[in-house]
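Participant: If it helps, the file is called query_30.tsv and holds TSV, C-alpha atoms and all ligand atoms:
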chain	number	residue	atom	x	y	z
A	1	MET	CA	-55.99	-121.02	91.32
A	2	VAL	CA	-58.30	-121.84	88.45
A	3	GLY	CA	-59.47	-125.39	87.86
A	4	CYS	CA	-61.07	-126.08	91.19
A	5	SER	CA	-63.09	-129.27	91.22
A	6	THR	CA	-66.83	-129.54	91.63
A	7	ASN	CA	-66.61	-132.07	94.47
A	8	LEU	CA	-68.85	-131.27	97.36
A	9	GLU	CA	-66.12	-131.39	99.94
A	10	VAL	CA	-67.19	-129.89	103.21
A	11	VAL	CA	-65.42	-128.21	106.07
A	12	LEU	CA	-67.12	-129.15	109.32
A	13	GLY	CA	-69.03	-126.55	111.30
A	14	HIS	CA	-66.81	-126.85	114.36
A	15	SER	CA	-63.67	-126.21	112.29
A	16	HIS	CA	-65.27	-123.04	110.93
A	17	ALA	CA	-66.40	-121.93	114.40
A	18	THR	CA	-63.07	-122.52	116.13
A	19	SER	CA	-61.05	-120.97	113.28
A	20	GLY	CA	-63.32	-117.89	113.53
A	21	ALA	CA	-62.75	-117.69	117.29
A	22	PHE	CA	-59.00	-118.02	116.75
A	23	ALA	CA	-58.98	-115.33	114.03
A	24	TRP	CA	-60.80	-112.93	116.36
A	25	SER	CA	-58.43	-113.55	119.28
A	26	VAL	CA	-55.41	-112.89	117.04
A	27	ALA	CA	-57.02	-109.77	115.56
A	28	ALA	CA	-57.93	-108.46	119.02
A	29	ALA	CA	-54.36	-109.05	120.20
A	30	THR	CA	-52.58	-107.49	117.24
A	31	LEU	CA	-54.73	-104.98	115.32
A	32	PRO	CA	-55.14	-101.33	116.32
A	33	LEU	CA	-58.50	-100.30	117.72
A	34	ALA	CA	-59.25	-98.22	114.62
A	35	ALA	CA	-59.22	-101.43	112.52
A	36	LEU	CA	-61.24	-103.50	115.01
A	37	THR	CA	-63.93	-100.85	115.21
A	38	TYR	CA	-64.19	-100.13	111.48
A	39	PRO	CA	-66.40	-98.51	110.17
A	40	VAL	CA	-67.40	-96.91	113.49
A	41	LEU	CA	-63.78	-95.87	114.06
A	42	GLN	CA	-63.63	-95.65	117.78
A	43	SER	CA	-60.45	-94.26	119.22
A	44	GLY	CA	-59.34	-93.13	122.61
A	45	GLU	CA	-58.36	-96.31	124.38
A	46	ALA	CA	-55.44	-98.30	123.01
A	47	ARG	CA	-57.16	-101.67	122.95
A	48	LEU	CA	-60.45	-103.46	123.33
A	49	GLY	CA	-61.37	-104.28	126.91
A	50	PRO	CA	-61.10	-107.93	128.05
A	51	VAL	CA	-64.89	-108.34	128.23
A	52	ASP	CA	-65.32	-107.24	124.61
A	53	VAL	CA	-62.55	-109.61	123.52
A	54	VAL	CA	-64.26	-112.58	125.19
A	55	LEU	CA	-67.73	-111.68	123.84
A	56	GLY	CA	-66.14	-111.37	120.40
A	57	VAL	CA	-64.71	-114.90	120.60
A	58	PHE	CA	-68.19	-116.45	120.90
A	59	LEU	CA	-69.79	-114.15	118.35
A	60	THR	CA	-67.06	-114.62	115.71
A	61	ALA	CA	-67.38	-118.39	116.19
A	62	GLY	CA	-71.05	-118.05	115.24
A	63	ALA	CA	-70.42	-115.57	112.42
A	64	ALA	CA	-68.00	-118.07	110.88
A	65	LEU	CA	-71.04	-120.16	109.94
A	66	LEU	CA	-72.96	-117.37	108.19
A	67	PRO	CA	-71.80	-118.03	104.59
A	68	ASP	CA	-73.35	-121.51	104.74
A	69	ALA	CA	-76.80	-119.91	105.01
A	70	ASP	CA	-76.90	-120.76	101.29
A	71	HIS	CA	-77.13	-124.46	102.09
A	72	PRO	CA	-80.55	-125.84	103.19
A	73	LYS	CA	-78.86	-129.13	104.12
A	74	GLY	CA	-75.91	-127.55	105.91
A	75	THR	CA	-75.01	-127.11	109.58
A	76	ILE	CA	-76.96	-123.93	110.09
A	77	ALA	CA	-80.21	-124.77	108.28
A	78	HIS	CA	-81.76	-126.43	111.34
A	79	VAL	CA	-80.34	-124.09	113.94
A	80	LEU	CA	-83.73	-122.52	114.66
A	81	GLY	CA	-85.91	-125.31	113.31
A	82	PRO	CA	-88.33	-124.73	110.39
A	83	LEU	CA	-87.72	-120.95	110.51
A	84	SER	CA	-84.00	-121.16	109.71
A	85	TYR	CA	-84.60	-123.96	107.20
A	86	PHE	CA	-87.02	-121.76	105.31
A	87	LEU	CA	-84.62	-118.79	105.46
A	88	CYS	CA	-81.74	-120.92	104.17
A	89	LYS	CA	-83.87	-122.09	101.26
A	90	VAL	CA	-84.67	-118.48	100.35
A	91	ILE	CA	-81.03	-117.39	100.69
A	92	SER	CA	-79.87	-120.39	98.67
A	93	THR	CA	-82.23	-119.44	95.84
A	94	ILE	CA	-81.18	-115.78	95.86
A	95	ALA	CA	-77.47	-116.63	96.16
A	96	GLY	CA	-77.60	-119.05	93.24
A	97	GLY	CA	-76.88	-122.22	95.24
A	98	HIS	CA	-74.13	-123.38	97.58
A	99	ARG	CA	-70.74	-121.65	97.63
A	100	GLN	CA	-71.78	-118.86	95.30
A	101	ALA	CA	-72.69	-115.31	96.39
A	102	THR	CA	-72.40	-115.91	100.14
A	103	HIS	CA	-68.84	-117.22	99.75
A	104	SER	CA	-67.40	-113.99	98.39
A	105	PHE	CA	-65.68	-110.81	99.53
A	106	ALA	CA	-68.90	-109.01	98.61
A	107	PHE	CA	-70.72	-111.05	101.26
A	108	VAL	CA	-68.06	-110.31	103.90
A	109	ILE	CA	-68.45	-106.59	103.25
A	110	ALA	CA	-72.25	-106.84	103.18
A	111	ALA	CA	-72.27	-108.76	106.50
A	112	ALA	CA	-70.03	-106.18	108.20
A	113	TYR	CA	-71.88	-103.15	106.84
A	114	GLY	CA	-75.26	-104.80	107.43
A	115	THR	CA	-74.29	-105.23	111.09
A	116	TRP	CA	-73.18	-101.62	111.28
A	117	ALA	CA	-76.38	-100.39	109.63
A	118	GLY	CA	-78.62	-102.48	111.91
A	119	MET	CA	-76.84	-101.26	115.03
A	120	HIS	CA	-76.85	-97.71	113.83
A	121	TRP	CA	-80.49	-97.48	112.73
A	122	ILE	CA	-82.21	-99.96	115.03
A	123	GLY	CA	-79.89	-99.99	118.06
A	124	ARG	CA	-79.93	-102.37	121.00
A	125	GLY	CA	-82.80	-104.53	119.74
A	126	PHE	CA	-80.81	-105.37	116.62
A	127	THR	CA	-77.60	-105.96	118.57
A	128	LEU	CA	-79.27	-108.45	120.95
A	129	ALA	CA	-81.12	-110.23	118.13
A	130	LEU	CA	-77.84	-110.65	116.26
A	131	VAL	CA	-76.11	-111.84	119.45
A	132	PHE	CA	-78.87	-114.44	119.91
A	133	PHE	CA	-78.56	-115.66	116.33
A	134	LEU	CA	-74.74	-115.85	116.37
A	135	LEU	CA	-74.76	-117.68	119.72
A	136	ALA	CA	-77.29	-120.15	118.31
A	137	LEU	CA	-74.95	-120.78	115.37
A	138	ALA	CA	-71.98	-121.27	117.71
A	139	VAL	CA	-73.94	-123.73	119.88
A	140	ARG	CA	-74.99	-125.63	116.77
A	141	ALA	CA	-71.48	-125.71	115.28
A	142	LEU	CA	-69.89	-126.86	118.51
A	143	HIS	CA	-72.53	-129.60	118.97
A	144	LEU	CA	-73.64	-128.45	122.41
A	145	TYR	CA	-77.12	-129.93	121.91
A	146	PRO	CA	-78.80	-133.35	121.54
A	147	PRO	CA	-78.14	-134.78	118.04
A	148	GLY	CA	-80.72	-134.59	115.26
A	149	ASP	CA	-82.72	-131.89	113.53
A	150	GLY	CA	-85.94	-132.15	115.57
A	151	ILE	CA	-87.41	-129.82	118.15
A	152	ARG	CA	-85.41	-131.46	120.97
A	153	SER	CA	-82.24	-130.31	119.20
A	154	TRP	CA	-83.17	-126.84	118.07
A	155	GLY	CA	-85.23	-126.28	121.22
A	156	THR	CA	-82.05	-126.85	123.25
A	157	ILE	CA	-80.15	-124.47	120.95
A	158	VAL	CA	-82.83	-121.79	121.45
A	159	VAL	CA	-82.68	-122.21	125.24
A	160	LEU	CA	-78.86	-122.04	125.37
A	161	ALA	CA	-78.66	-119.08	122.98
A	162	THR	CA	-81.35	-117.25	124.98
A	163	ALA	CA	-79.42	-117.84	128.22
A	164	GLY	CA	-76.23	-116.62	126.53
A	165	THR	CA	-78.01	-113.54	125.20
A	166	PHE	CA	-79.27	-112.66	128.70
A	167	ALA	CA	-75.72	-113.06	130.02
A	168	MET	CA	-74.27	-110.88	127.27
A	169	ASP	CA	-77.06	-108.33	127.72
A	170	HIS	CA	-75.40	-107.52	131.00
A	171	TRP	CA	-72.02	-106.77	129.40
A	172	ILE	CA	-72.55	-105.65	125.83
A	173	SER	CA	-73.11	-102.03	124.87
A	174	ASP	CA	-76.02	-100.86	122.67
A	175	ARG	CA	-73.79	-100.47	119.62
A	176	PRO	CA	-70.56	-102.38	120.18
A	177	ALA	CA	-68.12	-100.67	117.83
A	178	TRP	CA	-66.25	-103.95	117.24
A	179	LEU	CA	-69.30	-106.01	116.19
A	180	PRO	CA	-69.25	-105.21	112.42
A	181	PHE	CA	-65.58	-106.22	112.21
A	182	CYS	CA	-66.28	-109.35	114.27
A	183	VAL	CA	-69.07	-110.48	111.91
A	184	GLY	CA	-67.02	-109.69	108.79
A	185	LEU	CA	-63.99	-111.50	110.18
A	186	GLY	CA	-66.04	-114.59	111.00
A	187	ALA	CA	-67.39	-114.73	107.44
A	188	PHE	CA	-63.88	-114.15	106.07
A	189	ALA	CA	-62.42	-116.99	108.17
A	190	HIS	CA	-65.13	-119.24	106.73
A	191	LEU	CA	-64.07	-118.36	103.17
A	192	ILE	CA	-60.43	-119.17	103.91
A	193	GLY	CA	-61.46	-122.57	105.29
A	194	ASP	CA	-63.58	-123.37	102.24
A	195	CYS	CA	-60.89	-122.15	99.81
A	196	LEU	CA	-58.51	-124.71	101.29
A	197	THR	CA	-60.68	-127.49	99.91
A	198	ASP	CA	-60.48	-128.30	96.24
A	199	ARG	CA	-63.94	-126.96	95.45
A	200	GLY	CA	-62.92	-123.44	96.44
A	201	CYS	CA	-65.16	-120.36	96.54
A	202	ARG	CA	-66.22	-117.63	94.17
A	203	LEU	CA	-64.40	-114.98	96.19
A	204	PHE	CA	-64.82	-112.37	93.48
A	205	TRP	CA	-68.51	-113.05	92.88
A	206	PRO	CA	-70.31	-111.90	90.67
A	207	PHE	CA	-67.27	-112.80	88.54
A	208	LYS	CA	-67.17	-116.47	87.60
A	209	LEU	CA	-63.63	-117.18	88.80
A	210	ARG	CA	-63.40	-119.82	91.49
A	211	THR	CA	-60.50	-119.58	93.93
A	212	CYS	CA	-59.08	-122.63	95.63
A	213	LEU	CA	-55.82	-123.51	97.30
A	214	PRO	CA	-56.43	-127.15	98.11
A	215	ILE	CA	-53.64	-127.71	100.58
A	216	ILE	CA	-56.03	-129.68	102.73
A	217	GLU	CA	-56.63	-132.75	100.61
A	218	ARG	CA	-59.61	-134.50	102.05
A	219	THR	CA	-58.61	-134.00	105.64
A	220	GLY	CA	-61.50	-136.17	106.65
A	221	ASN	CA	-63.77	-135.67	109.62
A	222	LYS	CA	-61.41	-137.32	112.10
A	223	VAL	CA	-58.48	-134.99	111.41
A	224	GLU	CA	-60.74	-131.97	111.74
A	225	THR	CA	-62.51	-133.20	114.86
A	226	TRP	CA	-59.51	-134.51	116.77
A	227	ILE	CA	-56.66	-132.32	115.56
A	228	LEU	CA	-57.69	-129.09	113.82
A	229	THR	CA	-60.57	-128.08	116.07
A	230	PRO	CA	-58.75	-128.76	119.39
A	231	LEU	CA	-55.68	-126.93	118.01
A	232	PHE	CA	-57.76	-123.85	117.14
A	233	ALA	CA	-59.48	-123.97	120.54
A	234	VAL	CA	-56.20	-124.26	122.47
A	235	ALA	CA	-54.56	-121.57	120.32
A	236	THR	CA	-57.52	-119.24	120.98
A	237	LEU	CA	-57.18	-119.78	124.74
A	238	GLY	CA	-53.43	-119.19	124.45
A	239	VAL	CA	-53.91	-115.86	122.67
A	240	LEU	CA	-56.61	-114.82	125.16
A	241	TRP	CA	-54.28	-115.64	128.04
A	242	HIS	CA	-51.62	-113.53	126.38
A	243	VAL	CA	-54.07	-110.62	125.92
A	244	PHE	CA	-55.18	-110.75	129.56
A	245	THR	CA	-51.73	-111.07	131.05
A	246	THR	CA	-50.35	-108.18	129.01
A	247	THR	CA	-53.33	-105.81	129.34
A	248	PRO	CA	-52.64	-103.38	132.15
B	301	ZN	ZN	-69.06	-122.75	103.25
Represent the structure from my file as structure tokens, please.
Ligand SMILES: [Zn+2]
Facilitator:
Amino acid sequence: MVGCSTNLEVVLGHSHATSGAFAWSVAAATLPLAALTYPVLQSGEARLGPVDVVLGVFLTAGAALLPDADHPKGTIAHVLGPLSYFLCKVISTIAGGHRQATHSFAFVIAAAYGTWAGMHWIGRGFTLALVFFLLALAVRALHLYPPGDGIRSWGTIVVLATAGTFAMDHWISDRPAWLPFCVGLGAFAHLIGDCLTDRGCRLFWPFKLRTCLPIIERTGNKVETWILTPLFAVATLGVLWHVFTTTP
């Protein structure tokens, strides 16, 4: 739709994170392995293993925050303290401000291929660094830390993400074939969420057209916190349960 407004209407971080997790669980349950492992194109087994599906839930939740790296005042700017704030400022400048380049199909493709390239050329070091960063984003989005933007907050995020990375280190392969899709899907889920507000996104960046389908008219924080987010979380668990009970 053309004629999106310029209101700064926001979708909350936890809605993005839980919708990303839900999108991944549905994709893992329904898509063929060739799609989930694009562009690595792994075949052989019929489906992803249960461990990969669960790891993917957490990582897609984090990846669903990535497009907001263009927003120095957004959820993810303080995820790693001054370092991430500085990075967000740089990305915001390059991207041309909030909801511009990083809220486009081009960004989704760049995120997925960037993940693939990093895994391919750098290997396990890249994979674990990305896991750490995505877990930090998920922790931040789901508010699993003391409130505020100070060191007490981001210090807790760093500790939790580090612990999560050590745990995943045990399970994750050097180059998980599903990780590029997982990162791209998270970013894509974010775009859908933002397009449902009346400000929309420039999906076809660098073209000027703004796309919005404002079916969520000012849902308000309460609806998102108490209805949407729990619904996505429960639906994700439901799909996971289905995957595990039907996987031989
Ligand atoms: Zn956004």
Participant: With the cut-off set at 6 Å and counting only C-alpha atoms and all ligand atoms, tabulate each residue of chain A with an atom at most that distance from an atom of ligand ZN 301 (chain B), showing the nearest atom pair and its distance in Å to one decimal, ordered by chain and increasing number, as a tab-separated table.
Facilitator:
residue	atom	partner	partner_atom	distance
A:Pro67	CA	B:ZN301	ZN	5.6
A:Asp68	CA	B:ZN301	ZN	4.7
A:Arg99	CA	B:ZN301	ZN	6.0
A:Asp194	CA	B:ZN301	ZN	5.6
Participant: So how many Å separate CA of Cys88 in chain A and CA of His120 in chain A, to one decimal?
Facilitator: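 Computing it gives 25.6 Å between the two atoms.
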Participant: Under the rule that all atoms listed in the file are counted, which of A:Ala136, A:Ile122, A:Ala34, A:Val40 is the nearest residue to Gly155 in chain A?
Facilitator: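 For Gly155 in chain A, the nearest of the given residues is A:Ala136.
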Participant: Rank A:Ala64, A:Ala95, A:Leu179, A:Leu160 by their smallest atom-to-atom distance to Tyr113 in chain A, using all atoms listed in the file, and report the top residue only.
Facilitator: A:Leu179
Participant: Can you work out which one of A:Leu87, A:Leu142, A:Leu55, A:Ala77 has the shortest atom-to-atom distance to Pro230 in chain A, counting all atoms listed in the file?
Facilitator: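 So, comparing all the options, the nearest one is A:Leu142.
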Participant: Quote the spacing between CA of Trp241 in chain A and CA of Trp226 in chain A in Å to one decimal place.
Facilitator: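 Answer for the CA of Trp241 in chain A to CA of Trp226 in chain A separation: 22.6 Å.
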